[in-house]
>>> print(open('final00.tsv').read())   # TSV, C-alpha atoms and all ligand atoms
chain	number	residue	atom	x	y	z
A	1	MET	CA	9.20	-83.01	25.81
A	2	THR	CA	9.22	-81.26	22.44
A	3	ALA	CA	10.86	-78.01	21.31
A	4	LEU	CA	7.35	-76.60	20.96
A	5	PHE	CA	6.55	-77.53	24.58
A	6	ASP	CA	9.62	-75.55	25.74
A	7	LEU	CA	8.55	-72.58	23.67
A	8	ILE	CA	4.94	-72.67	24.93
A	9	ALA	CA	6.06	-73.16	28.57
A	10	ALA	CA	8.45	-70.19	28.31
A	11	ARG	CA	5.67	-68.07	26.85
A	12	ILE	CA	3.24	-69.02	29.65
A	13	ARG	CA	5.89	-68.17	32.30
A	14	ARG	CA	6.49	-64.81	30.65
A	15	ARG	CA	2.98	-63.74	29.63
A	16	GLY	CA	0.50	-66.02	31.39
A	17	PRO	CA	-1.84	-68.77	30.12
A	18	LEU	CA	-2.83	-69.16	26.45
A	19	SER	CA	-6.36	-69.47	25.16
A	20	VAL	CA	-7.17	-72.89	23.65
A	21	ALA	CA	-7.31	-71.11	20.26
A	22	GLU	CA	-3.76	-69.75	20.72
A	23	TYR	CA	-2.59	-73.20	21.77
A	24	MET	CA	-4.16	-74.84	18.66
A	25	GLU	CA	-2.63	-72.18	16.43
A	26	LEU	CA	0.85	-72.88	17.81
A	27	ALA	CA	0.52	-76.67	17.95
A	28	LEU	CA	-0.75	-76.89	14.36
A	29	GLY	CA	0.71	-73.85	12.68
A	30	HIS	CA	3.91	-72.71	14.43
A	31	PRO	CA	6.20	-71.80	11.48
A	32	LYS	CA	9.01	-74.12	12.64
A	33	TYR	CA	7.49	-76.74	14.95
A	34	GLY	CA	3.75	-76.75	14.09
A	35	TYR	CA	2.21	-80.14	13.28
A	36	TYR	CA	1.21	-79.19	9.73
A	37	ARG	CA	4.51	-77.41	8.99
A	38	THR	CA	6.72	-80.42	9.66
A	39	ARG	CA	5.13	-83.51	8.15
A	40	ASP	CA	2.72	-85.23	5.80
A	41	PRO	CA	0.23	-86.61	8.35
A	42	LEU	CA	-1.98	-88.51	5.91
A	43	GLY	CA	-2.25	-92.20	5.12
A	44	ARG	CA	-1.47	-95.50	6.77
A	45	ALA	CA	2.07	-94.50	7.75
A	46	GLY	CA	0.83	-91.13	9.07
A	47	ASP	CA	-1.68	-90.18	11.73
A	48	PHE	CA	-5.06	-90.28	10.01
A	49	ILE	CA	-6.72	-90.94	6.67
A	50	THR	CA	-9.20	-88.75	4.80
A	51	ALA	CA	-11.97	-89.50	2.30
A	52	PRO	CA	-9.98	-88.71	-0.90
A	53	GLU	CA	-7.16	-90.98	0.32
A	54	ILE	CA	-9.69	-93.80	0.90
A	55	SER	CA	-11.38	-93.79	-2.50
A	56	GLN	CA	-10.90	-91.93	-5.80
A	57	ILE	CA	-14.71	-91.77	-6.04
A	58	PHE	CA	-14.80	-88.99	-3.44
A	59	GLY	CA	-12.77	-86.50	-5.51
A	60	GLU	CA	-14.39	-87.62	-8.74
A	61	LEU	CA	-17.92	-86.95	-7.46
A	62	LEU	CA	-16.86	-83.55	-6.13
A	63	GLY	CA	-15.40	-82.77	-9.57
A	64	LEU	CA	-18.74	-83.66	-11.16
A	65	TRP	CA	-20.54	-81.50	-8.58
A	66	CYS	CA	-18.32	-78.58	-9.61
A	67	ALA	CA	-18.99	-79.15	-13.31
A	68	ASP	CA	-22.75	-79.27	-12.65
A	69	THR	CA	-22.69	-76.16	-10.44
A	70	TRP	CA	-20.62	-74.30	-13.06
A	71	GLN	CA	-23.40	-74.97	-15.58
A	72	ARG	CA	-25.98	-73.60	-13.12
A	73	MET	CA	-23.76	-70.49	-12.75
A	74	GLY	CA	-24.10	-69.83	-16.50
A	75	GLU	CA	-20.73	-71.34	-17.45
A	76	PRO	CA	-18.46	-68.38	-16.58
A	77	ASP	CA	-15.05	-68.42	-18.27
A	78	PRO	CA	-12.68	-68.08	-16.50
A	79	VAL	CA	-13.83	-69.67	-13.23
A	80	LEU	CA	-11.69	-70.24	-10.13
A	81	LEU	CA	-11.57	-73.72	-8.62
A	82	VAL	CA	-10.29	-73.17	-5.08
A	83	GLU	CA	-9.39	-75.82	-2.53
A	84	LEU	CA	-8.79	-75.00	1.13
A	85	GLY	CA	-6.30	-77.38	2.80
A	86	PRO	CA	-5.69	-79.70	-0.18
A	87	GLY	CA	-3.61	-82.32	1.69
A	88	ARG	CA	-1.66	-84.35	-0.85
A	89	GLY	CA	-3.59	-82.93	-3.81
A	90	THR	CA	-5.44	-86.23	-4.26
A	91	LEU	CA	-8.95	-84.75	-4.12
A	92	MET	CA	-8.07	-82.07	-6.68
A	93	LYS	CA	-6.37	-84.57	-8.99
A	94	ASP	CA	-9.42	-86.86	-8.97
A	95	ALA	CA	-11.80	-83.89	-9.32
A	96	LEU	CA	-9.93	-82.52	-12.35
A	97	ARG	CA	-9.94	-85.92	-14.04
A	98	ALA	CA	-13.72	-86.19	-13.57
A	99	ALA	CA	-14.28	-82.54	-14.57
A	100	ALA	CA	-12.80	-83.32	-17.99
A	101	ILE	CA	-16.20	-84.86	-18.77
A	102	ARG	CA	-17.14	-81.21	-19.53
A	103	PRO	CA	-14.17	-80.05	-21.64
A	104	ALA	CA	-15.40	-76.43	-21.63
A	105	PHE	CA	-15.38	-76.45	-17.80
A	106	ARG	CA	-11.95	-78.05	-17.64
A	107	GLN	CA	-10.59	-75.37	-19.99
A	108	ALA	CA	-12.26	-72.48	-18.14
A	109	LEU	CA	-11.04	-73.36	-14.66
A	110	HIS	CA	-7.98	-72.02	-12.86
A	111	VAL	CA	-6.88	-73.92	-9.77
A	112	HIS	CA	-5.99	-72.02	-6.57
A	113	LEU	CA	-4.81	-73.91	-3.49
A	114	VAL	CA	-4.85	-72.44	0.03
A	115	GLU	CA	-2.17	-74.28	1.97
A	116	THR	CA	0.29	-73.23	4.68
A	117	SER	CA	2.28	-76.48	4.97
A	118	PRO	CA	5.49	-76.53	2.89
A	119	VAL	CA	5.57	-80.34	3.12
A	120	LEU	CA	2.04	-80.70	1.75
A	121	ARG	CA	2.60	-77.97	-0.87
A	122	ALA	CA	5.43	-80.15	-2.21
A	123	ALA	CA	3.10	-83.19	-2.29
A	124	GLN	CA	0.46	-81.09	-4.09
A	125	ARG	CA	3.02	-79.97	-6.67
A	126	LYS	CA	3.96	-83.59	-7.25
A	127	ALA	CA	0.30	-84.57	-7.79
A	128	LEU	CA	-0.82	-81.53	-9.80
A	129	GLY	CA	2.27	-80.01	-11.42
A	130	ASP	CA	2.97	-76.28	-11.53
A	131	ALA	CA	-0.36	-75.12	-12.98
A	132	PRO	CA	-2.09	-74.24	-9.66
A	133	CYS	CA	-1.43	-71.00	-7.73
A	134	TRP	CA	-0.69	-71.43	-4.04
A	135	HIS	CA	-1.86	-69.06	-1.27
A	136	ASP	CA	-1.42	-68.81	2.49
A	137	SER	CA	-5.02	-67.70	2.92
A	138	LEU	CA	-8.20	-66.93	0.97
A	139	LYS	CA	-7.33	-63.22	1.11
A	140	THR	CA	-4.85	-63.41	-1.79
A	141	VAL	CA	-7.03	-65.61	-4.02
A	142	PRO	CA	-8.15	-63.33	-6.90
A	143	ARG	CA	-11.77	-62.25	-7.19
A	144	GLY	CA	-14.11	-63.80	-9.73
A	145	PRO	CA	-16.74	-66.52	-10.08
A	146	MET	CA	-15.54	-69.44	-7.99
A	147	LEU	CA	-16.16	-72.96	-6.78
A	148	VAL	CA	-14.57	-73.80	-3.44
A	149	LEU	CA	-13.88	-77.22	-1.91
A	150	ALA	CA	-12.91	-77.67	1.76
A	151	ASN	CA	-12.65	-81.23	3.06
A	152	GLU	CA	-11.48	-81.62	6.66
A	153	PHE	CA	-10.21	-78.03	6.70
A	154	PHE	CA	-12.55	-76.21	9.09
A	155	ASP	CA	-11.98	-78.79	11.87
A	156	ALA	CA	-8.33	-77.69	12.12
A	157	LEU	CA	-9.19	-74.01	12.72
A	158	PRO	CA	-8.62	-72.75	16.28
A	159	VAL	CA	-11.55	-72.58	18.70
A	160	HIS	CA	-12.06	-70.71	21.95
A	161	GLN	CA	-13.62	-72.76	24.75
A	162	PHE	CA	-15.75	-71.38	27.57
A	163	VAL	CA	-17.23	-72.76	30.79
A	164	ARG	CA	-20.17	-71.27	32.71
A	165	THR	CA	-19.04	-70.96	36.33
A	166	GLU	CA	-20.71	-69.56	39.48
A	167	ARG	CA	-19.03	-66.24	38.60
A	168	GLY	CA	-20.29	-66.19	34.99
A	169	TRP	CA	-18.62	-67.40	31.77
A	170	ARG	CA	-14.87	-68.01	31.89
A	171	GLU	CA	-12.55	-68.94	29.03
A	172	ARG	CA	-10.66	-72.24	29.22
A	173	VAL	CA	-6.93	-71.68	29.04
A	174	VAL	CA	-3.74	-73.70	28.70
A	175	THR	CA	-1.32	-73.20	31.55
A	176	LEU	CA	1.41	-75.10	33.45
A	177	ASP	CA	0.75	-77.56	36.27
A	178	ALA	CA	1.89	-76.77	39.81
A	179	ALA	CA	5.32	-78.34	39.19
A	180	GLY	CA	5.71	-76.29	35.99
A	181	GLU	CA	6.52	-79.46	34.07
A	182	ARG	CA	3.37	-80.23	32.10
A	183	LEU	CA	0.70	-78.31	30.27
A	184	ALA	CA	-2.69	-78.30	31.97
A	185	PHE	CA	-6.12	-76.84	31.32
A	186	GLY	CA	-7.37	-74.08	33.61
A	187	LEU	CA	-9.86	-71.20	33.57
A	188	ALA	CA	-9.11	-67.53	33.01
A	189	GLU	CA	-9.49	-65.54	36.22
A	190	ARG	CA	-11.37	-62.73	34.52
A	191	PRO	CA	-13.65	-62.49	31.46
A	192	THR	CA	-11.58	-62.37	28.24
A	193	LYS	CA	-12.02	-60.38	25.02
A	194	ALA	CA	-12.99	-63.55	23.14
A	195	GLN	CA	-16.14	-63.82	25.27
A	196	ARG	CA	-17.86	-61.34	22.95
A	197	HIS	CA	-18.19	-64.27	20.52
A	198	LEU	CA	-20.45	-66.23	22.92
A	199	PRO	CA	-24.08	-66.20	21.68
A	200	ALA	CA	-26.18	-63.80	23.79
A	201	ARG	CA	-28.77	-66.54	24.44
A	202	LEU	CA	-26.20	-68.34	26.62
A	203	ALA	CA	-26.00	-65.60	29.25
A	204	ASP	CA	-28.10	-67.62	31.71
A	205	ALA	CA	-26.84	-71.11	30.83
A	206	PRO	CA	-26.58	-73.51	33.80
A	207	VAL	CA	-23.31	-73.66	35.72
A	208	GLY	CA	-21.02	-76.28	34.15
A	209	THR	CA	-22.17	-75.63	30.54
A	210	GLU	CA	-19.28	-75.70	28.07
A	211	TRP	CA	-19.25	-73.92	24.70
A	212	GLU	CA	-16.88	-73.64	21.76
A	213	VAL	CA	-16.62	-70.81	19.22
A	214	SER	CA	-14.25	-70.49	16.28
A	215	PRO	CA	-14.20	-66.81	15.23
A	216	ILE	CA	-11.67	-67.66	12.48
A	217	ALA	CA	-14.05	-70.27	11.01
A	218	LEU	CA	-17.00	-67.85	11.20
A	219	ASP	CA	-15.00	-65.07	9.53
A	220	LEU	CA	-13.93	-67.46	6.79
A	221	ALA	CA	-17.54	-68.59	6.21
A	222	ALA	CA	-18.56	-64.92	5.95
A	223	ALA	CA	-15.66	-64.15	3.56
A	224	LEU	CA	-16.60	-67.09	1.32
A	225	ALA	CA	-20.22	-65.98	1.42
A	226	HIS	CA	-19.34	-62.39	0.39
A	227	ARG	CA	-17.34	-63.69	-2.56
A	228	VAL	CA	-19.96	-66.11	-3.89
A	229	VAL	CA	-22.71	-63.51	-3.48
A	230	GLU	CA	-20.75	-60.75	-5.22
A	231	ASP	CA	-18.85	-62.75	-7.86
A	232	GLY	CA	-21.03	-65.87	-8.23
A	233	GLY	CA	-20.36	-69.45	-7.21
A	234	ALA	CA	-20.54	-71.79	-4.25
A	235	ALA	CA	-18.36	-73.28	-1.52
A	236	LEU	CA	-18.66	-76.88	-0.34
A	237	VAL	CA	-17.67	-77.56	3.27
A	238	ILE	CA	-17.26	-81.22	4.26
A	239	ASP	CA	-16.31	-82.07	7.80
A	240	TYR	CA	-16.87	-84.02	10.97
A	241	GLY	CA	-19.37	-82.10	13.07
A	242	HIS	CA	-22.77	-81.17	14.42
A	243	VAL	CA	-25.76	-80.16	12.34
A	244	LEU	CA	-26.91	-78.09	15.30
A	245	GLY	CA	-24.26	-76.57	17.54
A	246	GLY	CA	-24.65	-77.56	21.15
A	247	PRO	CA	-22.85	-77.44	24.44
A	248	GLY	CA	-19.72	-79.46	25.13
A	249	GLU	CA	-16.06	-79.43	24.34
A	250	THR	CA	-14.76	-81.49	21.42
A	251	LEU	CA	-11.03	-80.86	21.22
A	252	GLN	CA	-9.29	-84.09	20.30
A	253	ALA	CA	-5.81	-85.16	19.30
A	254	VAL	CA	-4.84	-88.06	17.03
A	255	ARG	CA	-1.39	-89.54	16.49
A	256	GLY	CA	-0.58	-92.76	14.64
A	257	HIS	CA	-4.35	-93.45	14.13
A	258	GLN	CA	-4.84	-93.47	17.95
A	259	ARG	CA	-6.38	-90.96	20.34
A	260	HIS	CA	-3.73	-88.82	22.02
A	261	GLU	CA	-3.78	-86.32	24.90
A	262	PRO	CA	-4.15	-82.84	23.32
A	263	LEU	CA	-1.65	-81.18	25.67
A	264	VAL	CA	1.06	-83.88	25.54
A	265	GLU	CA	4.01	-83.28	23.18
A	266	PRO	CA	2.42	-80.38	21.25
A	267	GLY	CA	3.24	-80.33	17.54
A	268	THR	CA	3.37	-84.13	17.23
A	269	ALA	CA	-0.39	-84.86	16.97
A	270	ASP	CA	-3.27	-83.56	14.90
A	271	LEU	CA	-5.73	-81.39	16.84
A	272	THR	CA	-9.33	-81.00	15.71
A	273	THR	CA	-12.73	-79.99	16.99
A	274	HIS	CA	-16.19	-80.78	15.66
A	275	VAL	CA	-17.39	-78.21	13.16
A	276	ASP	CA	-20.48	-76.25	14.21
A	277	PHE	CA	-22.36	-76.25	10.89
A	278	ALA	CA	-25.27	-74.21	12.24
A	279	ALA	CA	-22.90	-71.42	13.26
A	280	LEU	CA	-21.14	-71.50	9.85
A	281	ALA	CA	-24.49	-71.35	8.06
A	282	GLU	CA	-25.63	-68.44	10.24
A	283	ALA	CA	-22.43	-66.48	9.49
A	284	ALA	CA	-22.77	-67.18	5.75
A	285	GLU	CA	-26.47	-66.25	5.66
A	286	ALA	CA	-25.76	-63.02	7.54
A	287	ALA	CA	-23.37	-62.21	4.66
A	288	GLY	CA	-26.13	-62.85	2.10
A	289	ALA	CA	-25.38	-66.42	0.97
A	290	ALA	CA	-27.94	-69.19	0.62
A	291	CYS	CA	-27.08	-72.37	2.52
A	292	HIS	CA	-27.85	-75.88	1.25
A	293	GLY	CA	-27.70	-78.68	3.79
A	294	PRO	CA	-25.99	-79.76	5.89
A	295	VAL	CA	-26.71	-83.28	4.74
A	296	THR	CA	-24.76	-86.38	5.66
A	297	GLN	CA	-21.82	-87.35	3.47
A	298	ARG	CA	-23.69	-90.60	2.79
A	299	ALA	CA	-26.79	-88.83	1.44
A	300	PHE	CA	-24.67	-86.41	-0.58
A	301	LEU	CA	-22.43	-89.01	-2.26
A	302	LEU	CA	-25.32	-91.39	-2.98
A	303	ALA	CA	-27.30	-88.53	-4.54
A	304	LEU	CA	-24.29	-87.70	-6.74
A	305	GLY	CA	-24.17	-91.29	-8.04
A	306	LEU	CA	-21.64	-93.16	-5.90
A	307	ASP	CA	-23.23	-96.52	-6.69
A	308	LEU	CA	-23.08	-95.94	-10.43
A	309	ARG	CA	-19.44	-94.83	-10.33
A	310	LEU	CA	-18.55	-97.83	-8.14
A	311	ALA	CA	-20.23	-100.23	-10.56
A	312	THR	CA	-18.24	-98.70	-13.47
A	313	LEU	CA	-14.95	-99.02	-11.60
A	314	MET	CA	-15.71	-102.60	-10.59
A	315	LYS	CA	-16.07	-103.58	-14.26
A	316	THR	CA	-12.40	-102.86	-14.93
A	317	ALA	CA	-10.94	-103.65	-11.48
A	318	SER	CA	-8.60	-106.65	-11.30
A	319	PRO	CA	-9.56	-109.47	-8.88
A	320	ALA	CA	-6.95	-108.09	-6.47
A	321	GLN	CA	-8.24	-104.48	-6.74
A	322	ALA	CA	-11.98	-105.21	-6.64
A	323	PRO	CA	-12.39	-105.77	-2.87
A	324	LEU	CA	-10.37	-102.62	-2.11
A	325	VAL	CA	-12.34	-100.49	-4.57
A	326	GLU	CA	-15.60	-101.77	-3.08
A	327	SER	CA	-14.60	-101.42	0.59
A	328	GLY	CA	-13.18	-97.91	0.03
A	329	ALA	CA	-16.42	-96.70	-1.54
A	330	ARG	CA	-18.53	-98.35	1.17
A	331	ARG	CA	-16.42	-96.75	3.89
A	332	LEU	CA	-17.20	-93.28	2.55
A	333	ILE	CA	-20.93	-93.83	3.10
A	334	GLU	CA	-20.87	-96.19	6.10
A	335	PRO	CA	-23.77	-95.43	8.50
A	336	GLY	CA	-22.41	-94.78	11.99
A	337	GLY	CA	-18.98	-94.10	10.45
A	338	MET	CA	-17.80	-91.55	7.89
A	339	GLY	CA	-21.13	-91.68	6.07
A	340	THR	CA	-23.07	-90.07	8.89
A	341	LEU	CA	-20.40	-88.42	11.08
A	342	PHE	CA	-19.33	-86.20	8.18
A	343	LYS	CA	-21.71	-83.51	6.93
A	344	VAL	CA	-21.79	-81.46	3.73
A	345	LEU	CA	-22.85	-77.81	3.60
A	346	ALA	CA	-22.90	-75.53	0.55
A	347	LEU	CA	-22.64	-71.76	0.91
A	348	ALA	CA	-23.91	-70.41	-2.38
A	349	ASP	CA	-24.90	-67.42	-4.43
A	350	PRO	CA	-28.69	-67.16	-3.78
A	351	LYS	CA	-29.25	-67.01	-7.55
A	352	LEU	CA	-28.22	-70.70	-7.77
A	353	SER	CA	-30.93	-73.25	-7.20
A	354	ASP	CA	-31.27	-77.03	-7.05
A	355	LEU	CA	-27.62	-77.69	-6.23
A	356	ALA	CA	-26.83	-81.37	-6.83
A	357	GLY	CA	-26.69	-83.54	-3.73
A	358	PHE	CA	-29.01	-81.42	-1.60
A	359	LEU	CA	-32.44	-82.10	-3.09
A	360	PRO	CA	-34.90	-83.82	-0.73
A	401	LIG	C1	-6.84	-82.80	7.62
A	401	LIG	S1	-5.91	-82.21	6.29
A	401	LIG	C2	-7.08	-82.46	4.99
A	401	LIG	C3	-6.43	-82.64	3.68
A	401	LIG	C4	-7.33	-82.85	2.46
A	401	LIG	N1	-8.39	-81.87	2.34
A	401	LIG	C5	-7.90	-84.24	2.43
A	401	LIG	O1	-9.11	-84.35	2.53
A	401	LIG	O2	-7.12	-85.19	2.32
A	401	LIG	C6	-5.94	-80.45	6.57
A	401	LIG	C7	-5.31	-79.62	5.46
A	401	LIG	O3	-5.45	-78.23	5.75
A	401	LIG	C8	-4.16	-77.60	5.77
A	401	LIG	N2	-4.26	-76.54	6.77
A	401	LIG	C9	-4.49	-76.68	8.09
A	401	LIG	N3	-4.62	-75.48	8.68
A	401	LIG	C10	-4.48	-74.56	7.69
A	401	LIG	C11	-4.54	-73.13	7.65
A	401	LIG	N4	-4.77	-72.43	8.76
A	401	LIG	N5	-4.38	-72.51	6.47
A	401	LIG	C12	-4.18	-73.23	5.33
A	401	LIG	N6	-4.11	-74.59	5.31
A	401	LIG	C13	-4.26	-75.24	6.47
A	401	LIG	C14	-3.22	-78.73	6.11
A	401	LIG	O4	-1.88	-78.47	5.80
A	401	LIG	C15	-3.82	-79.85	5.26
A	401	LIG	O5	-3.52	-79.72	3.91
>>> encode(input="final00.tsv", output="structure tokens")
Amino acid sequence: MTALFDLIAARIRRRGPLSVAEYMELALGHPKYGYYRTRDPLGRAGDFITAPEISQIFGELLGLWCADTWQRMGEPDPVLLVELGPGRGTLMKDALRAAAIRPAFRQALHVHLVETSPVLRAAQRKALGDAPCWHDSLKTVPRGPMLVLANEFFDALPVHQFVRTERGWRERVVTLDAAGERLAFGLAERPTKAQRHLPARLADAPVGTEWEVSPIALDLAAALAHRVVEDGGAALVIDYGHVLGGPGETLQAVRGHQRHEPLVEPGTADLTTHVDFAALAEAAEAAGAACHGPVTQRAFLLALGLDLRLATLMKTASPAQAPLVESGARRLIEPGGMGTLFKVLALADPKLSDLAGFLP
């Protein structure tokens, strides 16, 4: 058992079951024992690997996308380059190197990083130096024209889960088993406040239907939308998820590159859910933004010139590097793997048109 298990069990005994969203918040973000507060989870020695850690081409192409979008915005100076959940800072480092292709853009941009993990903030400082400003949330990022990057960020935001029962919708909760020794899923006895987030069209869904909603993710999409509409710019969301939200529960835990039970040893495994891109787009459009995509990561990166960049890198790669450079780039666009499981959505100022990577 972990210290976080003891804390969660004591809280359940005192105040009753937690929602799945409360459980995710504690398991990932508890200030002392939360998964992201205590470790660097990325890479071979960690729990999972992300696109920028697989190939430098990922960050480079996103940097070029930013430079191109900045031009479409009318080249504002200054412009904020914001990253949500920057991991080790690898994506931003690669993006900034590529952005230098437009020196005026590189000089105009100010980097703001939204990161709650002290361990990963230290890694970001090592990669990027002291120039960026760090924030705990988007709220403290200054206003102004901005470009926002969020890779594998939204999938870590807490979700509420619901099940349609004979008695109507009930929220899934995390409680203790009969012996009081393990965490177990259950259902709330009565309707909960969070049920107001269930789409009205689901009122008559068949018994057994499951549904997930992330109010935090929807609020963030709306906040990003307000900013890009009022101040100019665009936000790029890249994540594992559905183009169209549908029924089902998708909470999963990963530890040491293996699937793990989400309720076992909380705080020691990454917890994610599939991102509901349709719901994000709806929230952003309701706030006045124009949405581009979602398209698959494969389509997006190929449209931005992955093949060309790969060919250039291969020219200077040593015989030992070449197979790794090639396999990394291929993995980013692999059909049936990252290339199609990951989707890309832009939430943009409606005055921007023809954003790179989204044209048919
Ligand atoms: C899966 S990692 C992705 C890292 C990076 N974007 C990449 O692609 O390598 C999730 C990142 O989001 C950060 N994070 C998770 N939840 C957060 C929250 N609620 N607020 C701010 N940062 C958060 C983590 O510390 C980490 O940097």
>>> residues_near_ligand(input="final00.tsv", ligand="ligand LIG 401 (chain A)", cutoff="8 Å", atoms="all atoms listed in the file", output="JSON, numbers by chain")
{"A": [25, 28, 29, 36, 37, 41, 42, 49, 50, 51, 52, 53, 83, 84, 85, 86, 87, 88, 89, 90, 91, 114, 115, 116, 117, 120, 121, 136, 137, 150, 151, 152, 153, 154, 155, 156, 157]}
>>> closest_residue(input="final00.tsv", among="A:Glu22, A:Glu60, A:Asp276, A:Asp349", to="Leu304 in chain A", atoms="only C-alpha atoms")
A:Glu60
>>> closest_atom_pairs(input="final00.tsv", of="range 204-244 of chain A", to="range 334-339 of chain A", cutoff="12 Å", atoms="all atoms listed in the file", output="tab-separated table")
residue	atom	partner	partner_atom	distance
A:Ile238	CA	A:Met338	CA	11.0
A:Asp239	CA	A:Met338	CA	9.6
A:Tyr240	CA	A:Met338	CA	8.2
A:Gly241	CA	A:Met338	CA	10.9
>>> residues_around(input="final00.tsv", residues="Cys291 in chain A", least_positions_apart="2", cutoff="8 Å", atoms="only C-alpha atoms", output="mmCIF file with C-alpha atoms, keeping the file's coordinate frame")
data_model
loop_
_atom_site.group_PDB
_atom_site.id
_atom_site.type_symbol
_atom_site.label_atom_id
_atom_site.label_comp_id
_atom_site.auth_asym_id
_atom_site.auth_seq_id
_atom_site.Cartn_x
_atom_site.Cartn_y
_atom_site.Cartn_z
ATOM 1 C CA ALA A 281 -24.490 -71.350 8.060
ATOM 2 C CA ALA A 284 -22.770 -67.180 5.750
ATOM 3 C CA GLU A 285 -26.470 -66.250 5.660
ATOM 4 C CA ALA A 289 -25.380 -66.420 0.970
ATOM 5 C CA GLY A 293 -27.700 -78.680 3.790
ATOM 6 C CA LEU A 345 -22.850 -77.810 3.600
ATOM 7 C CA ALA A 346 -22.900 -75.530 0.550
ATOM 8 C CA LEU A 347 -22.640 -71.760 0.910
ATOM 9 C CA ALA A 348 -23.910 -70.410 -2.380
#
>>> residues_around(input="final00.tsv", residues="Ala322 in chain A", least_positions_apart="6", cutoff="12 Å", atoms="all atoms listed in the file", output="VMD selection string")
chain A and resid 310 to 316 328 to 329
>>> closest_residue(input="final00.tsv", among="A:His242, A:Ala286, A:Glu171, A:Met73", to="Ala222 in chain A", atoms="all atoms listed in the file")
A:Ala286
>>> closest_residue(input="final00.tsv", among="A:Met1, A:Val159, A:Ala234, A:Leu244", to="Ser214 in chain A", atoms="all atoms listed in the file")
A:Val159
>>> closest_residue(input="final00.tsv", among="A:Val163, A:Ala279, A:Cys133, A:Leu113", to="Gln195 in chain A", atoms="only C-alpha atoms")
A:Val163
>>> build_atoms(input="final00.tsv", residues="range 52-67 of chain A", atoms="N, CA and C atoms", output="compact mmCIF listing (two decimals), keeping the file's coordinate frame")
# COMPACT_ATOMS: atom_id res chain seq x y z
N PRO A 52 -10.60 -88.55 0.44
CA PRO A 52 -9.98 -88.71 -0.90
C PRO A 52 -8.85 -89.73 -0.92
N GLU A 53 -8.24 -89.99 0.26
CA GLU A 53 -7.16 -90.98 0.32
C GLU A 53 -7.74 -92.40 0.43
N ILE A 54 -9.04 -92.49 0.76
CA ILE A 54 -9.69 -93.80 0.90
C ILE A 54 -10.21 -94.29 -0.44
N SER A 55 -10.81 -93.38 -1.21
CA SER A 55 -11.38 -93.79 -2.50
C SER A 55 -11.34 -92.63 -3.50
N GLN A 56 -10.95 -92.94 -4.73
CA GLN A 56 -10.90 -91.93 -5.80
C GLN A 56 -12.29 -91.39 -6.11
N ILE A 57 -13.33 -92.17 -5.72
CA ILE A 57 -14.71 -91.77 -6.04
C ILE A 57 -15.07 -90.45 -5.36
N PHE A 58 -14.48 -90.22 -4.19
CA PHE A 58 -14.80 -88.99 -3.44
C PHE A 58 -14.46 -87.75 -4.28
N GLY A 59 -13.20 -87.67 -4.72
CA GLY A 59 -12.77 -86.50 -5.51
C GLY A 59 -13.49 -86.45 -6.85
N GLU A 60 -13.72 -87.60 -7.44
CA GLU A 60 -14.39 -87.62 -8.74
C GLU A 60 -15.81 -87.03 -8.64
N LEU A 61 -16.55 -87.46 -7.59
CA LEU A 61 -17.92 -86.95 -7.46
C LEU A 61 -17.92 -85.45 -7.15
N LEU A 62 -16.92 -84.99 -6.39
CA LEU A 62 -16.86 -83.55 -6.13
C LEU A 62 -16.53 -82.79 -7.42
N GLY A 63 -15.71 -83.39 -8.27
CA GLY A 63 -15.40 -82.77 -9.57
C GLY A 63 -16.65 -82.66 -10.42
N LEU A 64 -17.49 -83.70 -10.39
CA LEU A 64 -18.74 -83.66 -11.16
C LEU A 64 -19.70 -82.62 -10.58
N TRP A 65 -19.69 -82.52 -9.24
CA TRP A 65 -20.54 -81.50 -8.58
C TRP A 65 -20.12 -80.11 -9.06
N CYS A 66 -18.82 -79.89 -9.16
CA CYS A 66 -18.32 -78.58 -9.61
C CYS A 66 -18.75 -78.31 -11.05
N ALA A 67 -18.62 -79.34 -11.91
CA ALA A 67 -18.99 -79.15 -13.31
C ALA A 67 -20.49 -78.81 -13.41
